[in-house]
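Notes to accompany the following structure.
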Amino acid sequence: YDAFALSNQYIAMAVGDVAGKGVPGAITMASLYTVFHEYATDPLNTPSDVMTVVNERLHDDRGTDLCATLFYGVLSLSNGNMRSCNAGHPPPILYRTDGSVSLLDTGGLILGPFLKAEYQVGSVDISEGDVLVLYTDGAIEARNKKNEQFEIEGLIRVLQTCPGLSADEIKEFLTTALKRHTGGSTHHDDVTIITLKVMAGFH
């Protein structure tokens, strides 16, 4: 995961995951991170441009044995518009002040196996008070003693109880609910949760 400035006009954010664990998984993630940053830090590249090139590079480097998911969004600080591309990653949740929910799922296939995969750009306007939650599948696939997954609906239910809270407080509510669901048992997959809340209007 990462967040960084593109010039002084945009904030870029990304979260990804790779197949495999241990040393092979770490090597794959390092490759994904390096290739992504090579192209994402150029503000002239759209999120779909970045995904297309990253997919081609990963395919060329590792062939079809590599499998990664990635969400990449670029938020304009002048008007609150976010352009994003989702390559097979669990869709980030945009929870609005009126209680409505949008899932940022526009994009395309997972990265690596499919050389000619095509990627689309999604666009959404984010306003004061809105909350954006990025996460990995370890959060929604966490199971309780009945073998029930937490799921996206579990994250949304928690967000519905968090009006007026800061981004850090929302993150704590989400992680506490996740631990409560699993009964404190050890997760079988990595869990990443990133929260962003707009505290004032864009200008």
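Scheme for the structure tokens: letters A, B, ... for chains in order shown; per-chain residue numbers from 1; ligand numbers from 1 in order shown.
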
How close does range 63-104 of chain A get to range 20-40 of chain A? List, as CSV, each residue of range 63-104 of chain A within 9 Å, its nearest atom pair and the distance in Å to one decimal, counting only C-alpha atoms.
residue,atom,partner,partner_atom,distance
A:Leu66,CA,A:Thr28,CA,7.4
A:Cys67,CA,A:Gly20,CA,8.6
A:Ala68,CA,A:Leu32,CA,8.0
A:Tyr72,CA,A:Ala40,CA,8.7

Would you tabulate, counting only C-alpha atoms, all residues of range 41-118 of chain A that have an atom at most 12 Å from an atom of range 136-142 of chain A, showing the closest pair of atoms and their distance in Å to one decimal, sorted by chain then ascending number, as a Markdown table?
| residue | atom | partner | partner_atom | distance |
| --- | --- | --- | --- | --- |
| A:Ala68 | CA | A:Thr136 | CA | 11.6 |
| A:Thr69 | CA | A:Thr136 | CA | 9.3 |
| A:Leu70 | CA | A:Thr136 | CA | 9.5 |
| A:Phe71 | CA | A:Thr136 | CA | 9.9 |
| A:Gly88 | CA | A:Asp137 | CA | 10.9 |
| A:His89 | CA | A:Thr136 | CA | 7.6 |
| A:Pro90 | CA | A:Asp137 | CA | 6.2 |
| A:Pro91 | CA | A:Thr136 | CA | 9.1 |
| A:Pro92 | CA | A:Thr136 | CA | 9.1 |
| A:Ile93 | CA | A:Thr136 | CA | 11.7 |

Write down as a PyMOL selection string the residues of chain A whose backbone DSSP state falls under strand (DSSP E or B).
chain A and resi 2-6+10-18+68-76+81-87+93-95+101-103+107-108+111+122-125+131-135+143+149+193-197

Pick from A:Ser48, A:Thr176, A:Ser123, A:Asn144: nearest to Val158 in chain A, with only C-alpha atoms counted?
A:Thr176

Write out as a ChimeraX atom specification each polymer residue whose atoms come within 8 Å of Asn55 in chain A, counting only C-alpha atoms; drop sequence neighbours fewer than 5 positions from it.
/A:111-112,114-115,117

I'd like the neighbourhood of Leu6 in chain A as JSON, numbers by chain, where a residue qualifies if any of its atoms comes within 12 Å (using only C-alpha atoms), though same-chain residues fewer than 2 positions away should be ignored.
{"A": [3, 4, 8, 9, 10, 11, 12, 13, 37, 39, 40, 41, 42, 43, 44, 45, 46, 73, 74, 75, 76, 77]}

Sel. of alpha helix (DSSP H) residues, chain A, as number ranges by chain:
A: 22-40, 47-62, 137-140, 151-159, 167-182

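For the set A:His203, A:Lys179, A:Lys197, A:Arg57, the residue with the smallest atom-to-atom gap to Ala167 in chain A is A:Lys197, counting only C-alpha atoms.
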
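Of note, CA of Tyr119 in chain A and CA of Ala87 in chain A are spaced 7.5 Å apart.
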
Report as an NGL selection string all protein, DNA and RNA residues lying within 7 Å of Gly122 in chain A, evaluated on only C-alpha atoms, omitting residues in the same chain fewer than 3 positions from it.
:A and (83-85 or 106)

Rounded to one decimal place, report the CA of Tyr135 in chain A-CA of Glu151 in chain A distance in Å.
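According to the coordinates, CA of Tyr135 in chain A and CA of Glu151 in chain A are separated by 11.4 Å.
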
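Among A:Leu174, A:Ser166, A:Leu134, A:Gly129, the residue with the shortest atom-to-atom distance to Asp2 in chain A, counting only C-alpha atoms, is A:Leu134.
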
Using only C-alpha atoms, which residue out of A:Thr195, A:Thr182, A:Asn147, A:Asn86 lies closest to Gln120 in chain A?
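Nearest to Gln120 in chain A: A:Asn86.
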
Nearest to Val133 in chain A by atom-to-atom distance, counting only C-alpha atoms, from A:Leu159, A:Ala5, A:Val121, A:Gln149:
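Using only C-alpha atoms, Val133 in chain A sits closest to A:Leu159.
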
Just want the 10 Å neighbourhood of Ala177 in chain A, counted on only C-alpha atoms, with same-chain residues fewer than 5 positions away dropped. Output as a list in words.
Phe150, Gly154, Leu155, Arg157, Val158, Lys171, Glu172, Thr182 and Gly183 of chain A

Keeping all heavy atoms, export the residues of the selection given above as an mmCIF file, in the first residue's frame.
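The resulting file, again31.cif, is reproduced below:
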data_model
loop_
_atom_site.group_PDB
_atom_site.id
_atom_site.type_symbol
_atom_site.label_atom_id
_atom_site.label_comp_id
_atom_site.auth_asym_id
_atom_site.auth_seq_id
_atom_site.Cartn_x
_atom_site.Cartn_y
_atom_site.Cartn_z
ATOM 1 N N PHE A 150 -16.208 -12.337 7.140
ATOM 2 C CA PHE A 150 -16.613 -11.000 7.559
ATOM 3 C C PHE A 150 -17.305 -10.253 6.419
ATOM 4 O O PHE A 150 -18.297 -9.550 6.637
ATOM 5 C CB PHE A 150 -15.387 -10.212 8.036
ATOM 6 C CG PHE A 150 -15.724 -8.982 8.815
ATOM 7 C CD1 PHE A 150 -16.423 -9.057 10.002
ATOM 8 C CD2 PHE A 150 -15.318 -7.734 8.371
ATOM 9 C CE1 PHE A 150 -16.729 -7.916 10.734
ATOM 10 C CE2 PHE A 150 -15.616 -6.584 9.091
ATOM 11 C CZ PHE A 150 -16.317 -6.679 10.269
ATOM 12 N N GLY A 154 -19.790 -6.667 6.205
ATOM 13 C CA GLY A 154 -19.336 -6.455 7.574
ATOM 14 C C GLY A 154 -18.648 -5.113 7.730
ATOM 15 O O GLY A 154 -18.861 -4.395 8.724
ATOM 16 N N LEU A 155 -17.819 -4.739 6.744
ATOM 17 C CA LEU A 155 -17.167 -3.428 6.786
ATOM 18 C C LEU A 155 -18.201 -2.304 6.702
ATOM 19 O O LEU A 155 -18.112 -1.316 7.430
ATOM 20 C CB LEU A 155 -16.176 -3.313 5.627
ATOM 21 C CG LEU A 155 -14.967 -4.249 5.640
ATOM 22 C CD1 LEU A 155 -14.139 -4.062 4.378
ATOM 23 C CD2 LEU A 155 -14.105 -4.026 6.874
ATOM 24 N N ARG A 157 -21.366 -2.386 7.594
ATOM 25 C CA ARG A 157 -22.136 -2.296 8.837
ATOM 26 C C ARG A 157 -21.383 -1.493 9.886
ATOM 27 O O ARG A 157 -21.987 -0.715 10.634
ATOM 28 C CB ARG A 157 -22.459 -3.701 9.365
ATOM 29 C CG ARG A 157 -23.586 -4.400 8.632
ATOM 30 C CD ARG A 157 -24.087 -5.589 9.414
ATOM 31 N NE ARG A 157 -23.041 -6.597 9.607
ATOM 32 C CZ ARG A 157 -22.813 -7.601 8.768
ATOM 33 N NH1 ARG A 157 -23.549 -7.725 7.666
ATOM 34 N NH2 ARG A 157 -21.860 -8.484 9.009
ATOM 35 N N VAL A 158 -20.081 -1.675 9.949
ATOM 36 C CA VAL A 158 -19.292 -0.898 10.919
ATOM 37 C C VAL A 158 -19.285 0.574 10.539
ATOM 38 O O VAL A 158 -19.433 1.452 11.395
ATOM 39 C CB VAL A 158 -17.856 -1.442 11.006
ATOM 40 C CG1 VAL A 158 -17.020 -0.585 11.955
ATOM 41 C CG2 VAL A 158 -17.846 -2.892 11.479
ATOM 42 N N LYS A 171 -10.816 3.549 11.557
ATOM 43 C CA LYS A 171 -9.903 2.407 11.386
ATOM 44 C C LYS A 171 -9.902 1.529 12.631
ATOM 45 O O LYS A 171 -9.940 0.295 12.541
ATOM 46 C CB LYS A 171 -8.488 2.907 11.085
ATOM 47 C CG LYS A 171 -7.467 1.775 10.877
ATOM 48 C CD LYS A 171 -6.059 2.325 10.827
ATOM 49 C CE LYS A 171 -5.656 2.934 12.156
ATOM 50 N NZ LYS A 171 -4.254 3.421 12.162
ATOM 51 N N GLU A 172 -9.889 2.163 13.806
ATOM 52 C CA GLU A 172 -9.904 1.386 15.043
ATOM 53 C C GLU A 172 -11.214 0.621 15.196
ATOM 54 O O GLU A 172 -11.225 -0.542 15.631
ATOM 55 C CB GLU A 172 -9.693 2.319 16.243
ATOM 56 C CG GLU A 172 -8.298 2.916 16.332
ATOM 57 C CD GLU A 172 -7.219 1.857 16.435
ATOM 58 O OE1 GLU A 172 -7.449 0.848 17.149
ATOM 59 O OE2 GLU A 172 -6.164 2.018 15.797
ATOM 60 N N THR A 182 -13.511 -12.633 14.523
ATOM 61 C CA THR A 182 -12.660 -13.831 14.482
ATOM 62 C C THR A 182 -12.398 -14.401 15.873
ATOM 63 O O THR A 182 -11.748 -15.444 15.991
ATOM 64 C CB THR A 182 -11.312 -13.515 13.819
ATOM 65 O OG1 THR A 182 -10.635 -12.489 14.577
ATOM 66 C CG2 THR A 182 -11.511 -13.026 12.392
ATOM 67 N N GLY A 183 -12.864 -13.726 16.910
ATOM 68 C CA GLY A 183 -12.609 -14.199 18.258
ATOM 69 C C GLY A 183 -11.160 -14.086 18.673
ATOM 70 O O GLY A 183 -10.697 -14.800 19.558
#

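For the choices A:Leu109, A:Lys146, A:Val131, A:Val15, the atom-to-atom distance to Asp168 in chain A is smallest for A:Val131 when using only C-alpha atoms.
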
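One distance worth recording is that between CA of Ser127 in chain A and CA of Val191 in chain A, which is 27.3 Å.
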